Amino acid sequence: MIDLFRHRIVETGRLPLFGFFTAFIVTFVLTRVIVRLIRANVSGWFGNVRAGDTHVHHVVFGVVLMLVGGIASLATPDAYVTLDCVAAVVFGAGSALVLDEFALLLHLSDVYWTEKGRASVDAVFVAIAVTGLLLLGIRPFGFADAVPDPAGSALSQAYFASTVANLVLAVITLLKGKIWTGLLGLFLPVLLVVGAIRVARPGSPWSRWRYDPDSRKYQRAVRREVRFRRPLIRAKIWVQEFIAGRHDLIPPELLQRSVDAAERARRRRLARVARRAAARDQRRAAVRDGRRAAARDRRREGRRAADRGPRSVIADRLQRRAFARGRTVSRLRTGAAARRLSRR
């Protein structure tokens with residue numbers, strides 16, 4: 001294994017690329033482990049980095065590491081292979097941090113744990129695949145050993161024509177929505193030919209420009225999407241979420257809207273309860289005030305009756321009885337009856 005590493009990596013001058021590749025994978029895995037632990041609220045583990053009220057994403061540290069590693073690699077002389085490898089390792093770690101939040105840069109929004117955040121995992125997988133092919137010695141456009149002749153020979157013209165043709169096929173394949181086929185086709189040109197000939201995926205730019213919704217090509221593309229690509233996409237999503245963690249299906253802005261709606265509903269419910277309690281207190285206060293007023297009136301009437309004497313009390317009773325029987329009796333007659341009753 002050591003001899004193979006020396007022969008395929010060290011002697012071919014790919015040691016800095018190997019350092020970049022290793023640092024990229026290790027940093028990506030460690031980053032995903034840390035963020036998943038933070039998301040699970042594991043006690044005693046790392047937390048989000050904040051500067052006041054600002055959440056500092058790890059893409060910021062990635063940009064700094066990429067800048068340091070890139071400048072160090074450019075400033076290091078060719079003879080210092082060790083320093084060049086160290087710079088490549090720093091650059092690889094920074095690249096992993098940046099691509100891990102590729103979706104944030106793409107959407108300019110914190111979509112890390114949403115369905116849109118899967119674009120970051122796709123970008124990381126693409127970078128790993130391309131770097132791995134380069135590490136194996138596979139060069140783009142299918143020319144692993146050809147060197148263009150500056151004199152303008154037939155080999156140079158063929159190399160240039162092949163490069164242009166592969167680029168055109170790669171653009172067509174990408175416009176048809178076949179991202180992986182287009183990227184890997186740069187190293188295996190036969191994939192570009194297949195991707196450019198076959199029908200485009202539904203919803204791709206090529207499909208919107210060239211296919212009518214009622215055309216046979218569009219219907220065939222839909223059938224292939226349902227029959228072949230959907231199972232592959234589900235398998236890819238399973239692998240992504242196994243490595244990088246499950247992504248929610250609801251965007252954070254919708255989650256925030258639902259939280260705000262729940263908060264507004266809670267406030268309305270509390271306000272309604274407070275209004276009902278205030279109305280109940282008002283009714284109780286009105287009943288209590290009515291009772292107090294009735295008691296106060298009774299006491300006042302009792303004091304008046306006491307001030308008028310027993311004759312006045314008897315006269316009032318006689319007048320109330322006569323009024324209850326439907327007869328009208330003068331005050332003089334009731335007063336006379338009261339005097340007679342009082343004399344007995």
# chains A, B, ... in the order shown; residues from 1 in each chain; ligands from 1

$ select_by_dssp --residues "segment 9-161 of chain A" --states "strand (DSSP E)" --output "list in words"
Arg50, Ala51, Thr54 and His55 of chain A

$ residues_around --residues "Ala221 of chain A" --least-positions-apart "2" --cutoff "8 Å" --atoms "only C-alpha atoms" --output "PyMOL selection string"
chain A and resi 199-202+217-219+223-225

$ residues_around --residues "Phe102 of chain A" --least-positions-apart "3" --cutoff "12 Å" --atoms "only C-alpha atoms" --output "VMD selection string"
chain A and resid 57 to 60 62 to 63 95 to 99 105 to 112 116 to 125 127

$ closest_residue --among "A:Gln240, A:Thr131, A:Thr114, A:Asn48" --to "Ala23 of chain A" --atoms "only C-alpha atoms"
A:Thr131

$ atom_distance --atom1 "atom CA of Leu232 of chain A" --atom2 "atom CA of Arg39 of chain A"
27.9 Å

$ closest_residue --among "A:Ala158, A:Phe28, A:Leu186, A:Arg210" --to "Leu134 of chain A" --atoms "only C-alpha atoms"
A:Leu186

$ residues_around --residues "Val89 of chain A" --least-positions-apart "4" --cutoff "7 Å" --atoms "only C-alpha atoms" --output "list of chain:residue names"
A:Gly19, A:Phe20, A:Ala23, A:Cys85, A:Ala93

$ write_last_selection --atoms "all heavy atoms" --output "PDB file, in the first residue's frame"
ATOM      1  N   GLY A  19      -3.560  15.945  -0.209  1.00  0.00           N
ATOM      2  CA  GLY A  19      -3.807  16.672   1.035  1.00  0.00           C
ATOM      3  C   GLY A  19      -5.099  17.471   0.982  1.00  0.00           C
ATOM      4  O   GLY A  19      -5.868  17.511   1.952  1.00  0.00           O
ATOM      5  N   PHE A  20      -5.345  18.119  -0.140  1.00  0.00           N
ATOM      6  CA  PHE A  20      -6.602  18.850  -0.324  1.00  0.00           C
ATOM      7  C   PHE A  20      -7.797  17.908  -0.214  1.00  0.00           C
ATOM      8  O   PHE A  20      -8.792  18.198   0.475  1.00  0.00           O
ATOM      9  CB  PHE A  20      -6.598  19.545  -1.686  1.00  0.00           C
ATOM     10  CG  PHE A  20      -7.914  20.135  -2.077  1.00  0.00           C
ATOM     11  CD1 PHE A  20      -8.263  21.417  -1.697  1.00  0.00           C
ATOM     12  CD2 PHE A  20      -8.824  19.391  -2.828  1.00  0.00           C
ATOM     13  CE1 PHE A  20      -9.495  21.964  -2.058  1.00  0.00           C
ATOM     14  CE2 PHE A  20     -10.048  19.927  -3.201  1.00  0.00           C
ATOM     15  CZ  PHE A  20     -10.384  21.215  -2.809  1.00  0.00           C
ATOM     16  N   ALA A  23      -8.224  16.601   3.479  1.00  0.00           N
ATOM     17  CA  ALA A  23      -8.697  17.655   4.365  1.00  0.00           C
ATOM     18  C   ALA A  23     -10.137  18.037   4.048  1.00  0.00           C
ATOM     19  O   ALA A  23     -10.930  18.330   4.957  1.00  0.00           O
ATOM     20  CB  ALA A  23      -7.787  18.881   4.239  1.00  0.00           C
ATOM     21  N   CYS A  85       1.981  21.369   0.508  1.00  0.00           N
ATOM     22  CA  CYS A  85       0.983  20.418   1.009  1.00  0.00           C
ATOM     23  C   CYS A  85       0.188  21.013   2.167  1.00  0.00           C
ATOM     24  O   CYS A  85      -1.030  20.822   2.267  1.00  0.00           O
ATOM     25  CB  CYS A  85       1.663  19.124   1.451  1.00  0.00           C
ATOM     26  SG  CYS A  85       2.349  18.155   0.099  1.00  0.00           S
ATOM     27  N   ALA A  93      -9.673  22.420   3.722  1.00  0.00           N
ATOM     28  CA  ALA A  93     -10.563  22.599   4.864  1.00  0.00           C
ATOM     29  C   ALA A  93     -11.492  23.792   4.654  1.00  0.00           C
ATOM     30  O   ALA A  93     -12.702  23.727   4.931  1.00  0.00           O
ATOM     31  CB  ALA A  93      -9.726  22.783   6.137  1.00  0.00           C
TER      32      ALA A  93
END

$ residues_around --residues "Leu30 of chain A" --least-positions-apart "3" --cutoff "12 Å" --atoms "only C-alpha atoms" --output "ChimeraX atom specification"
/A:23-27,33-37,93,96-97,100,243-244

$ write_last_selection --atoms "C-alpha atoms" --output "compact mmCIF listing (two decimals), in the first residue's frame"
# COMPACT_ATOMS: atom_id res chain seq x y z
CA ALA A 23 -8.70 17.66 4.37
CA PHE A 24 -11.85 18.35 2.38
CA ILE A 25 -13.52 15.05 3.33
CA VAL A 26 -12.41 15.12 6.98
CA THR A 27 -13.52 18.73 7.46
CA VAL A 33 -21.16 15.86 13.00
CA ILE A 34 -20.80 19.09 14.96
CA VAL A 35 -23.83 20.81 13.43
CA ARG A 36 -25.99 17.71 13.95
CA LEU A 37 -24.97 17.62 17.61
CA ALA A 93 -10.56 22.60 4.86
CA ALA A 96 -15.31 22.12 2.69
CA LEU A 97 -16.65 24.81 5.04
CA ASP A 100 -21.13 22.93 3.14
CA ILE A 243 -24.35 11.51 5.97
CA ALA A 244 -25.42 15.11 6.49

$ atom_distance --atom1 "atom CA of Val10 of chain A" --atom2 "atom CA of Pro189 of chain A"
27.8 Å

$ closest_residue --among "A:Trp206, A:Trp113, A:Phe46, A:Tyr159" --to "Gly245 of chain A" --atoms "only C-alpha atoms"
A:Trp113

$ select_by_dssp --residues "segment 23-72 of chain A" --states "alpha helix (DSSP H)" --output "PyMOL selection string"
chain A and resi 23-39+58-72

$ atom_distance --atom1 "atom CA of Val130 of chain A" --atom2 "atom CA of Leu184 of chain A"
7.4 Å
